[in-house]
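For reference, the structure is listed below as structure tokens.
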Amino acid sequence: MEFDFKMKNVLFVIPHPDDEIVGSCCIIRRYIKEKKKIFLFFVTNGVISEKSSWFLNKKKIKNMIDVRKKEMKLSVKKLGVKNIFFQNISTRTLKDKIFETYIKIRKIIVSKKIDALFCPAYEGGHQDHDVSNFICSKLKEYCKVFEFPEYNYFKNTI
């Protein structure tokens with residue numbers, strides 16, 4: 001990817017732990033090798049709320065969140081990222097916390113002097129990804145905003 005400006009501080013908006021690997025690990029690794037300062041903001045914890053959970057899983061929610069965070073920390077370490085932010089809200093609830101999340105991301109952009117932001121593309125694959133895209137689309141006045149795909153549907157016609 002070639003850009004017409006010099007990026008120094010890059011923020012990745014990650015819908016849930018595991019999307020740093022699924023959607024953007026190649027870009028993150030490349031930018032780390034290029035000595036860019038990388039920040040990750042996880043907008044949800046990746047686990048549905050106790051209220052929405054199947055009755056057998058209700059008592060396991062805290063443990064499920066702990067496992068997701070542990071796996072996320074390991075993957076972030078392997079990627080070589082040192083700067084992370086974690087918003088501990090349940091998956092599928094980001095749509096109810098748009099403004100609060102926008103404010104948090106904007107504060108990161110301003111305080112860390114972010115000049116490029118990467119977010120998931122709007123693809124209709126998961127509501128948290130699409131809401132993340134919407135939020136990031138409103139931050140274009142603060143920095144350059146780029147999208148990375150996570151859900152690509154290819155029908156083999158051969």
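Following the order of the structure tokens, first chain is A, next is B, and so on, with residues numbered from 1 inside each chain and ligands from 1 in the order they appear.
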
(Q) Let's see if you can do this: from backbone DSSP, list all helix (DSSP H, G or I) residues in chain A, as a PyMOL selection string. (A) chain A and resi 19-22+25-33+58-79+94-96+98-111+127-137

Q: Identify, with DSSP run on backbone atoms, the residues in segment 2-134 of chain A assigned to strand (DSSP E), and express the list as a list in words.
A: Asn9, Val10, Leu11, Phe12, Val13, Ile14, Lys37, Ile38, Phe39, Leu40, Phe41, Phe42, Asn83, Ile84, Phe85, Phe86, Ala116, Leu117, Phe118, Cys119 and Pro120 of chain A

Hey, could you make a per-residue contact list for segment 98-140 of chain A against segment 30-53 of chain A with 9 Å as the cut-off, showing the nearest pair of atoms and its distance in Å to one decimal, counting only C-alpha atoms, sorted by chain and number, as a Markdown table?
```
| residue | atom | partner | partner_atom | distance |
| --- | --- | --- | --- | --- |
| A:Thr101 | CA | A:Val43 | CA | 7.3 |
| A:Ile105 | CA | A:Phe41 | CA | 7.8 |
| A:Ile108 | CA | A:Phe41 | CA | 8.9 |
| A:Lys112 | CA | A:Phe39 | CA | 8.8 |
| A:Ile114 | CA | A:Phe39 | CA | 8.8 |
| A:Asp128 | CA | A:Thr44 | CA | 8.1 |
| A:Ser132 | CA | A:Val43 | CA | 7.8 |
```

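Closest to Phe118 of chain A among A:Lys144, A:Lys97, A:Lys104, A:His16 is A:Lys144, based on only C-alpha atoms.
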
Q: Find the spatial neighbours of segment 74-76 of chain A, counting only C-alpha atoms, within a cut-off of 10 Å - ignore same-chain residues fewer than 4 positions away - and output them as a ChimeraX atom specification.
A: /A:17-18,20-21,25,28,40,68-70,80-84

Any chance you can output those residues with N, CA and C atoms as an mmCIF file, in the first residue's frame?
```
data_model
loop_
_atom_site.group_PDB
_atom_site.id
_atom_site.type_symbol
_atom_site.label_atom_id
_atom_site.label_comp_id
_atom_site.auth_asym_id
_atom_site.auth_seq_id
_atom_site.Cartn_x
_atom_site.Cartn_y
_atom_site.Cartn_z
ATOM 1 N N PRO A 17 -11.623 -9.016 19.994
ATOM 2 C CA PRO A 17 -10.386 -9.791 20.003
ATOM 3 C C PRO A 17 -10.491 -10.959 19.024
ATOM 4 N N ASP A 18 -9.588 -11.090 18.172
ATOM 5 C CA ASP A 18 -9.326 -12.050 17.097
ATOM 6 C C ASP A 18 -9.326 -11.347 15.754
ATOM 7 N N GLU A 20 -7.771 -8.651 15.096
ATOM 8 C CA GLU A 20 -6.430 -8.138 14.832
ATOM 9 C C GLU A 20 -5.646 -9.132 13.996
ATOM 10 N N ILE A 21 -5.990 -10.407 14.110
ATOM 11 C CA ILE A 21 -5.340 -11.459 13.328
ATOM 12 C C ILE A 21 -6.088 -11.679 12.020
ATOM 13 N N CYS A 25 -3.614 -8.396 10.429
ATOM 14 C CA CYS A 25 -2.283 -8.751 10.934
ATOM 15 C C CYS A 25 -1.178 -8.458 9.922
ATOM 16 N N ILE A 28 -0.513 -4.709 10.022
ATOM 17 C CA ILE A 28 0.116 -4.369 11.299
ATOM 18 C C ILE A 28 1.589 -4.767 11.287
ATOM 19 N N LEU A 40 -3.809 -0.261 18.914
ATOM 20 C CA LEU A 40 -5.023 -1.046 18.661
ATOM 21 C C LEU A 40 -6.083 -0.648 19.671
ATOM 22 N N ARG A 68 -10.839 -14.577 26.118
ATOM 23 C CA ARG A 68 -10.672 -13.717 24.933
ATOM 24 C C ARG A 68 -9.566 -12.688 25.160
ATOM 25 N N LYS A 69 -9.537 -12.082 26.352
ATOM 26 C CA LYS A 69 -8.504 -11.081 26.654
ATOM 27 C C LYS A 69 -7.113 -11.723 26.690
ATOM 28 N N LYS A 70 -7.024 -12.896 27.268
ATOM 29 C CA LYS A 70 -5.738 -13.593 27.341
ATOM 30 C C LYS A 70 -5.238 -13.926 25.938
ATOM 31 N N GLY A 80 3.817 -7.887 17.952
ATOM 32 C CA GLY A 80 4.787 -6.867 18.316
ATOM 33 C C GLY A 80 4.171 -5.521 18.653
ATOM 34 N N VAL A 81 2.878 -5.509 18.949
ATOM 35 C CA VAL A 81 2.180 -4.269 19.285
ATOM 36 C C VAL A 81 2.259 -4.058 20.795
ATOM 37 N N LYS A 82 2.600 -2.833 21.186
ATOM 38 C CA LYS A 82 2.738 -2.530 22.610
ATOM 39 C C LYS A 82 1.642 -1.610 23.138
ATOM 40 N N ASN A 83 0.910 -0.972 22.245
ATOM 41 C CA ASN A 83 -0.066 0.042 22.648
ATOM 42 C C ASN A 83 -1.481 -0.425 22.329
ATOM 43 N N ILE A 84 -2.211 -0.827 23.369
ATOM 44 C CA ILE A 84 -3.584 -1.289 23.147
ATOM 45 C C ILE A 84 -4.553 -0.570 24.084
#
```

(Q) Need to verify the contact set: Lys138 of chain A, 10 Å, only C-alpha atoms, exclusion of same-chain residues closer than 4 positions in sequence. Can you return it as a list in words? (A)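 In the requested form, the answer reads Tyr102, Arg106, Asn133, Phe134, Tyr142 and Val145 of chain A.
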
Q: Point out the residue among A:Ile61, A:Val10, A:Ala121, A:Val131 with the least atom-to-atom distance to Asp96 of chain A, counting only C-alpha atoms.
A: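 Of A:Ile61, A:Val10, A:Ala121, A:Val131, the one nearest Asp96 of chain A, counting only C-alpha atoms, is A:Val131.
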
Q.
Under the rule that only C-alpha atoms are counted, which of A:Lys62, A:Met72, A:Ile103, A:Lys113 is the nearest residue to Asp19 of chain A?
A.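 With only C-alpha atoms as the atom set, the closest residue is A:Met72.
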